[in-house]
Each structure stands twice: as C-alpha cells, then as structure tokens.
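Source file: model-v1.txt (compact mmCIF, C-alpha atoms)
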# COMPACT_ATOMS: atom_id res chain seq x y z
CA MET A 1 50.81 113.60 53.03
CA SER A 2 52.94 110.53 53.51
CA SER A 3 55.11 110.36 56.64
CA MET A 4 58.11 109.69 54.42
CA PRO A 5 59.97 112.76 53.15
CA VAL A 6 59.97 113.70 49.50
CA SER A 7 63.50 114.83 48.66
CA ILE A 8 64.40 116.36 45.30
CA THR A 9 67.61 118.01 44.16
CA ARG A 10 67.40 119.98 40.93
CA THR A 11 69.44 122.40 38.91
CA PHE A 12 67.54 125.43 37.78
CA SER A 13 67.82 128.61 35.78
CA PHE A 14 65.73 131.73 35.87
CA PRO A 15 63.54 132.74 32.91
CA GLY A 16 65.42 134.46 30.11
CA GLY A 17 68.49 132.26 30.42
CA VAL A 18 69.79 133.70 33.71
CA PRO A 19 71.97 130.99 35.31
CA GLY A 20 70.60 129.56 38.52
CA GLY A 21 72.10 126.96 40.79
CA SER A 22 71.13 123.92 42.80
CA ILE A 23 68.17 123.76 45.16
CA HIS A 24 67.39 120.86 47.46
CA THR A 25 63.68 120.74 48.20
CA ILE A 26 62.37 118.61 51.05
CA VAL A 27 58.73 118.03 51.91
CA SER A 28 57.95 116.33 55.22
CA ARG A 29 55.82 116.73 58.33
CA SER A 30 58.60 116.35 60.91
CA PRO A 31 62.07 117.83 61.51
CA GLY A 32 63.41 114.33 62.01
CA MET A 33 62.27 113.24 58.57
CA ILE A 34 63.59 116.44 57.03
CA TRP A 35 66.99 115.97 58.65
CA ALA A 36 67.19 112.33 57.59
CA SER A 37 66.56 113.44 54.04
CA VAL A 38 69.16 116.19 54.20
CA ALA A 39 71.80 113.96 55.76
CA ALA A 40 71.22 111.27 53.14
CA GLY A 41 71.04 113.36 50.02
CA LEU A 42 72.24 116.97 50.42
CA PRO A 43 75.00 117.50 47.84
CA GLY A 44 78.14 119.21 49.06
CA SER A 45 77.74 121.96 46.46
CA THR A 46 74.20 122.81 47.54
CA ASN A 47 74.06 125.71 49.96
CA VAL A 48 70.35 126.48 49.95
CA VAL A 49 67.52 124.30 51.19
CA LEU A 50 64.37 125.90 49.85
CA LEU A 51 61.98 124.63 52.48
CA SER A 52 59.64 127.57 52.01
CA ASN A 53 57.80 126.73 48.84
CA VAL A 54 57.27 129.62 46.43
CA THR A 55 53.65 129.73 47.55
CA ALA A 56 54.07 129.30 51.29
CA SER A 57 55.78 131.90 53.45
CA GLY A 58 53.86 130.29 56.31
CA CYS A 59 55.93 127.10 55.92
CA GLY A 60 59.15 129.10 55.88
CA THR A 61 58.31 130.80 59.16
CA MET A 62 57.93 127.45 60.88
CA VAL A 63 61.01 125.85 59.37
CA LYS A 64 63.18 128.85 60.19
CA ASP A 65 62.09 128.43 63.82
CA TYR A 66 63.13 124.78 64.09
CA GLY A 67 66.47 125.73 65.64
CA HIS A 68 64.75 127.64 68.42
CA LEU A 69 61.95 125.16 68.99
CA LEU A 70 64.33 122.18 69.24
CA ARG A 71 67.20 123.98 70.99
CA ASP A 72 66.88 121.75 74.09
CA ASP A 73 66.52 118.48 72.18
CA ALA A 74 69.81 116.61 72.50
CA ALA A 75 69.20 114.57 69.36
CA TYR A 76 68.02 117.37 67.06
CA ALA A 77 69.22 120.75 68.39
CA GLU A 78 72.23 121.07 66.08
CA LYS A 79 70.46 119.45 63.14
CA ALA A 80 67.48 121.75 63.53
CA ARG A 81 69.79 124.77 63.74
CA ARG A 82 71.40 123.79 60.45
CA ILE A 83 68.03 123.38 58.73
CA SER A 84 66.92 126.79 59.99
CA ASP A 85 70.18 128.39 58.86
CA LEU A 86 69.84 126.91 55.38
CA ALA A 87 66.16 127.75 54.85
CA ARG A 88 65.36 130.68 52.56
CA ASP A 89 62.12 132.32 51.56
CA THR A 90 61.64 132.90 47.85
CA VAL A 91 62.13 136.66 48.16
CA GLU A 92 65.52 136.09 49.80
CA VAL A 93 66.62 133.87 46.91
CA ILE A 94 65.38 136.33 44.28
CA GLY A 95 66.84 139.29 46.17
CA ALA A 96 70.29 137.70 46.30
CA GLU A 97 70.13 136.95 42.56
CA TRP A 98 68.66 140.30 41.54
CA PRO A 99 71.83 141.68 39.89
CA ARG A 100 71.65 138.75 37.44
CA ILE A 101 67.87 138.87 37.07
CA ALA A 102 67.39 142.61 36.54
CA PRO A 103 68.94 142.76 33.03
CA LYS A 104 66.47 140.10 31.92
CA VAL A 105 63.38 142.08 32.96
CA THR A 106 61.36 143.56 30.14
CA MET A 107 59.66 146.88 30.81
CA ASP A 108 57.28 146.83 27.82
CA VAL A 109 54.47 144.87 29.45
CA GLY A 110 52.53 148.03 30.30
CA ALA A 111 51.52 149.70 33.53
CA ARG A 112 49.69 147.64 36.10
CA ARG A 113 48.42 148.65 39.53
CA VAL A 114 48.98 146.02 42.18
CA ALA A 115 47.75 145.81 45.76
CA PHE A 116 50.22 143.70 47.72
CA GLN A 117 48.99 141.75 50.75
CA SER A 118 51.99 141.09 52.97
CA PRO A 119 51.30 137.83 54.85
CA CYS A 120 51.79 137.84 58.61
CA SER A 121 54.27 135.00 58.17
CA LEU A 122 56.38 137.13 55.83
CA GLN A 123 56.37 140.48 57.61
CA HIS A 124 56.04 139.41 61.25
CA GLY A 125 57.31 135.83 61.28
CA MET A 126 60.34 136.13 58.99
CA LYS A 127 60.79 139.90 59.38
CA LEU A 128 60.92 140.41 55.60
CA LYS A 129 58.59 143.39 55.49
CA GLY A 130 58.97 145.47 52.34
CA ARG A 131 61.24 143.04 50.48
CA VAL A 132 58.65 141.82 47.97
CA GLU A 133 57.40 145.35 47.43
CA GLU A 134 60.92 146.46 46.45
CA ILE A 135 61.03 143.81 43.74
CA LEU A 136 57.55 144.63 42.44
CA LEU A 137 58.47 148.31 42.15
CA ALA A 138 61.70 147.38 40.37
CA LEU A 139 59.57 145.47 37.85
CA GLY A 140 57.80 148.69 36.93
CA LEU A 141 54.58 147.86 38.73
CA GLU A 142 52.61 150.53 40.57
CA LEU A 143 51.78 149.58 44.15
CA THR A 144 48.59 150.99 45.62
CA THR A 145 48.35 152.19 49.21
CA VAL A 146 46.83 149.55 51.49
CA ALA A 147 45.47 150.63 54.87
CA ASP A 148 46.54 148.67 57.96
CA PRO A 149 48.93 146.35 56.09
CA HIS A 150 50.07 144.81 59.37
CA LEU A 151 46.67 143.21 60.05
CA CYS A 152 45.85 139.56 59.32
CA CYS A 153 43.68 138.62 56.35
CA GLY A 154 41.87 135.97 58.40
CA SER A 155 43.46 132.85 56.95
CA ALA A 156 46.08 132.07 59.61
CA GLY A 157 46.31 128.31 59.12
CA THR A 158 43.49 126.50 60.91
CA TYR A 159 42.11 129.78 62.25
CA SER A 160 39.80 130.10 59.27
CA LEU A 161 38.32 126.70 60.16
CA LEU A 162 38.14 127.10 63.93
CA GLN A 163 36.98 130.73 63.94
CA PRO A 164 35.07 131.07 60.64
CA ALA A 165 33.00 134.13 61.56
CA LEU A 166 35.99 136.17 62.72
CA SER A 167 37.99 134.89 59.78
CA ARG A 168 35.39 136.10 57.29
CA GLU A 169 35.21 139.49 59.01
CA LEU A 170 38.98 139.88 58.82
CA ARG A 171 38.91 138.89 55.15
CA ALA A 172 36.20 141.42 54.35
CA ASN A 173 38.20 144.18 56.05
CA LYS A 174 41.41 143.14 54.27
CA LEU A 175 39.75 142.98 50.85
CA ALA A 176 38.19 146.41 51.38
CA ALA A 177 41.65 147.80 52.14
CA LEU A 178 43.25 146.02 49.18
CA GLU A 179 40.58 147.05 46.68
CA ALA A 180 40.33 150.66 47.86
CA GLY A 181 43.18 151.80 45.62
CA ARG A 182 41.46 150.36 42.53
CA PRO A 183 44.24 147.93 41.61
CA HIS A 184 44.16 145.62 38.60
CA LEU A 185 45.01 142.67 40.81
CA ILE A 186 46.03 141.56 44.29
CA ALA A 187 49.36 139.86 44.95
CA THR A 188 50.53 137.94 48.00
CA ALA A 189 53.32 135.58 49.12
CA ASN A 190 51.47 132.75 50.85
CA ILE A 191 49.12 130.14 49.41
CA GLY A 192 46.89 130.16 52.49
CA CYS A 193 46.31 133.89 52.18
CA LEU A 194 45.89 133.59 48.42
CA ALA A 195 43.19 130.91 48.60
CA HIS A 196 41.39 132.67 51.46
CA LEU A 197 41.34 136.07 49.76
CA ALA A 198 40.46 134.68 46.33
CA ASP A 199 37.34 133.09 47.79
CA GLY A 200 35.89 136.54 48.44
CA ALA A 201 37.75 138.86 46.07
CA ARG A 202 36.34 140.58 43.01
CA LEU A 203 39.83 140.82 41.49
CA PRO A 204 42.42 138.20 40.52
CA VAL A 205 44.65 137.15 43.43
CA ARG A 206 48.07 135.89 42.42
CA HIS A 207 51.42 134.96 43.91
CA TRP A 208 53.97 137.71 43.43
CA ILE A 209 56.48 135.36 41.77
CA GLU A 210 54.05 135.05 38.84
CA LEU A 211 54.34 138.79 38.27
CA LEU A 212 58.11 138.47 38.11
CA ASP A 213 57.85 135.57 35.68
CA GLU A 214 55.59 137.41 33.25
CA ARG A 215 57.97 140.39 33.18
CA MET A 216 61.02 138.28 32.45
CA LEU A 217 62.21 137.92 28.86
CA GLY A 218 60.61 134.68 27.74
CA GLY A 219 58.29 134.61 30.75
CA GLU A 220 54.68 133.46 30.56
CA ARG A 221 52.41 136.46 30.11
CA ALA A 222 49.03 136.63 31.81
CA PRO A 223 46.00 137.81 29.79
CA SER A 224 45.63 141.58 29.79
CA LEU A 225 43.42 142.90 32.53
For this file, produce the structure as structure tokens.
Amino acid sequence: MSSMPVSITRTFSFPGGVPGGSIHTIVSRSPGMIWASVAAGLPGSTNVVLLSNVTASGCGTMVKDYGHLLRDDAAYAEKARRISDLARDTVEVIGAEWPRIAPKVTMDVGARRVAFQSPCSLQHGMKLKGRVEEILLALGLELTTVADPHLCCGSAGTYSLLQPALSRELRANKLAALEAGRPHLIATANIGCLAHLADGARLPVRHWIELLDERMLGGERAPSL
C-alpha cells in the first residue's frame, strides 16, 4: 500500500431504497496520514469515519485504540482520540440504522442454518459480542450452537505466518466446532478469519453483511445451498 492516504467521501443508501448518509473512508498505514486526510477533507456534516472496512473488524480494533496508544504523544493525542471516537464497526452502523432497515427485509428467502464465527477482534477487542448474532436472528436465519466461541480461529494477523502449525491446529478445532451443528454456511466479520477458515472449510465462508444484503428487498441473492 502507498504511504499516502486514500480518502473518499461518499453518500450512500442501503439496499431497498433505505436512506443512508455520508461516510468518510480513509485508508492509510499511519495515524498521522489518517489525521492529515481527515483534517483536509472531512465534511462538517459527516459524523462517522468508517475506518473499519466491512470485511475487517481487526482494523477497527486497532483504529479504535489509537486514542489510548497515542495518549502521551503531544502532537497526536487529541487527534488520535477524535479518530477513535469517530470510528465505527459495520455492526454498529447497521445496528443504529436498524429501525430504517428492518422494514426493507424480506422474509421469503427460506430457512438457512448459519454458524457464526465471532472474530477475536470483534468480541474481545471491540467488545461487540453478540451484536452480529442479533441481526442475523432478526433476518430470520437459524444460528447453530458453536462450542468454545471465545477461542481464536488461528488467523490472528501474522500469527498464521509465524506459527503455522499452531495456526492450522486452531483452525481445525474451530472448523470442527463450526461444522458440528450442520450449518449451510459459515459467517464471520473479519476478512483475515474468512480467508483463513475458507482455506480449510468444506462449507462456504462468507461475511455476515452479505447475508443482510441478500435478505434486503432488491438485494443480491446467493445461489441456493
């Protein structure tokens, strides 16, 4: 990735014509670059900086911690605090908009059993345990019971590269737990977990936001499983 930030402001709407708002998305490797981008281009009407991409709860955990990590940095303490305060994970955005989204959900897609893998970054890092599951249940999906949901799947950033044997063992254990309830598919909230699990899974592994999209009026439907 380039050292220069990529800064995009866009208006959006949810599937089915539900009004959205304005999201300022910034991609950069350093808090300094992120702040420079925010200071230069953050519109006054924008109140959410979606720094946690829809596929990466792991990124959100780090960005939300900027304020703490840089609390003693005279140049960036306040700026980092603002970035952390503005950052939202996807489930927080969807949860806040749920009253407007719910009427646009279609319940005629058919029953589907889903095993949800709650990433460590989501449940331990951002303390958002159970939030995605609430939305999936509200969509009419059946969630299977997953043993030891608090345990890591073995991805954990560079861990899967530096400790490959342990990483594969953790993945095997996690997949056994996820597949035990005979789900139709596995859902998660982090691209690292998704790619890692998919490499050894016998079932489709998808991001949970895709399941929301296919159950929205006008959403893109996945092939029947």
At a cut-off of 12 Å, using all atoms listed in the file, what residues contact His184 in chain A? Leave out same-chain residues fewer than 6 positions from it and give the result as a PDB file with C-alpha atoms, keeping the file's coordinate frame.
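For reference, part34.pdb as written:
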ATOM      1  CA  ALA A 111      51.520 149.700  33.530  1.00  0.00           C
ATOM      2  CA  ARG A 112      49.690 147.640  36.100  1.00  0.00           C
ATOM      3  CA  ARG A 113      48.420 148.650  39.530  1.00  0.00           C
ATOM      4  CA  VAL A 114      48.980 146.020  42.180  1.00  0.00           C
ATOM      5  CA  ALA A 115      47.750 145.810  45.760  1.00  0.00           C
ATOM      6  CA  PHE A 116      50.220 143.700  47.720  1.00  0.00           C
ATOM      7  CA  LEU A 141      54.580 147.860  38.730  1.00  0.00           C
ATOM      8  CA  GLU A 142      52.610 150.530  40.570  1.00  0.00           C
ATOM      9  CA  LEU A 143      51.780 149.580  44.150  1.00  0.00           C
ATOM     10  CA  THR A 144      48.590 150.990  45.620  1.00  0.00           C
ATOM     11  CA  LEU A 178      43.250 146.020  49.180  1.00  0.00           C
ATOM     12  CA  ALA A 201      37.750 138.860  46.070  1.00  0.00           C
ATOM     13  CA  ARG A 202      36.340 140.580  43.010  1.00  0.00           C
ATOM     14  CA  LEU A 203      39.830 140.820  41.490  1.00  0.00           C
ATOM     15  CA  PRO A 204      42.420 138.200  40.520  1.00  0.00           C
ATOM     16  CA  VAL A 205      44.650 137.150  43.430  1.00  0.00           C
ATOM     17  CA  ARG A 206      48.070 135.890  42.420  1.00  0.00           C
ATOM     18  CA  PRO A 223      46.000 137.810  29.790  1.00  0.00           C
ATOM     19  CA  SER A 224      45.630 141.580  29.790  1.00  0.00           C
ATOM     20  CA  LEU A 225      43.420 142.900  32.530  1.00  0.00           C
TER      21      LEU A 225
END
Once 8 Å is added on each side, what centre and edge lengths in Å to one decimal does the axis-aligned box around all listed atoms of range 156-171 of chain A have, as lines of an AutoDock Vina configuration file?
center_x = 39.7
center_y = 133.2
center_z = 59.5
size_x = 29.3
size_y = 29.4
size_z = 24.8
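Reported to one decimal place, the separation of CA of Ile135 in chain A from CA of Thr90 in chain A is 11.7 Å.
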Contact residues around range 76-78 of chain A with all atoms listed in the file at 8 Å, ignoring same-chain residues under 4 positions, as an NGL selection string | :A and (32 or 67 or 70-72 or 82)
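Counting from CA of Leu122 in chain A, the distance to CA of Asp73 in chain A is 26.8 Å.
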At what distance in Å, to one decimal, does CA of Lys127 in chain A lie from CA of Ser155 in chain A?
-> 18.9 Å
Mind rebuilding range 92-120 of chain A with N, CA and C atoms and writing that out as a compact mmCIF listing (two decimals), in the frame of the given file?
# COMPACT_ATOMS: atom_id res chain seq x y z
N GLU A 92 64.10 136.02 49.46
CA GLU A 92 65.52 136.09 49.80
C GLU A 92 66.37 135.53 48.66
N VAL A 93 65.90 134.45 48.04
CA VAL A 93 66.62 133.87 46.91
C VAL A 93 66.63 134.84 45.74
N ILE A 94 65.47 135.40 45.40
CA ILE A 94 65.38 136.33 44.28
C ILE A 94 66.18 137.60 44.57
N GLY A 95 66.09 138.09 45.80
CA GLY A 95 66.84 139.29 46.17
C GLY A 95 68.34 139.12 46.00
N ALA A 96 68.85 137.96 46.41
CA ALA A 96 70.29 137.70 46.30
C ALA A 96 70.72 137.59 44.84
N GLU A 97 69.81 137.14 43.97
CA GLU A 97 70.13 136.95 42.56
C GLU A 97 69.73 138.14 41.70
N TRP A 98 69.22 139.20 42.31
CA TRP A 98 68.66 140.30 41.54
C TRP A 98 69.64 140.93 40.55
N PRO A 99 70.92 141.10 40.89
CA PRO A 99 71.83 141.68 39.89
C PRO A 99 71.88 140.88 38.59
N ARG A 100 71.66 139.58 38.66
CA ARG A 100 71.65 138.75 37.44
C ARG A 100 70.27 138.72 36.79
N ILE A 101 69.23 138.92 37.60
CA ILE A 101 67.87 138.87 37.07
C ILE A 101 67.47 140.18 36.40
N ALA A 102 67.85 141.30 37.00
CA ALA A 102 67.39 142.61 36.54
C ALA A 102 67.60 142.86 35.05
N PRO A 103 68.76 142.50 34.47
CA PRO A 103 68.94 142.76 33.03
C PRO A 103 67.99 141.96 32.14
N LYS A 104 67.37 140.94 32.70
CA LYS A 104 66.47 140.10 31.92
C LYS A 104 65.01 140.51 32.06
N VAL A 105 64.76 141.60 32.78
CA VAL A 105 63.38 142.08 32.96
C VAL A 105 63.00 142.98 31.80
N THR A 106 61.85 142.72 31.21
CA THR A 106 61.36 143.56 30.14
C THR A 106 60.38 144.58 30.71
N MET A 107 60.49 145.81 30.26
CA MET A 107 59.66 146.88 30.81
C MET A 107 58.54 147.27 29.85
N ASP A 108 58.27 146.46 28.82
CA ASP A 108 57.28 146.83 27.82
C ASP A 108 55.94 146.11 28.00
N VAL A 109 55.70 145.61 29.20
CA VAL A 109 54.47 144.87 29.45
C VAL A 109 53.30 145.83 29.67
N GLY A 110 53.60 147.06 30.04
CA GLY A 110 52.53 148.03 30.30
C GLY A 110 52.32 148.24 31.79
N ALA A 111 51.74 149.37 32.12
CA ALA A 111 51.52 149.70 33.53
C ALA A 111 50.47 148.79 34.15
N ARG A 112 50.67 148.46 35.39
CA ARG A 112 49.69 147.64 36.10
C ARG A 112 49.71 148.03 37.57
N ARG A 113 48.54 148.27 38.12
CA ARG A 113 48.42 148.65 39.53
C ARG A 113 48.19 147.38 40.35
N VAL A 114 49.01 147.23 41.36
CA VAL A 114 48.98 146.02 42.18
C VAL A 114 48.80 146.38 43.65
N ALA A 115 47.89 145.70 44.31
CA ALA A 115 47.75 145.81 45.76
C ALA A 115 48.43 144.60 46.37
N PHE A 116 49.49 144.82 47.15
CA PHE A 116 50.22 143.70 47.72
C PHE A 116 49.75 143.44 49.14
N GLN A 117 49.37 142.19 49.40
CA GLN A 117 48.99 141.75 50.75
C GLN A 117 50.19 141.04 51.35
N SER A 118 50.81 141.67 52.33
CA SER A 118 51.99 141.09 52.97
C SER A 118 51.55 140.12 54.06
N PRO A 119 51.74 138.81 53.86
CA PRO A 119 51.30 137.83 54.85
C PRO A 119 51.95 138.06 56.21
N CYS A 120 51.23 137.73 57.25
CA CYS A 120 51.79 137.84 58.61
C CYS A 120 53.08 137.03 58.73
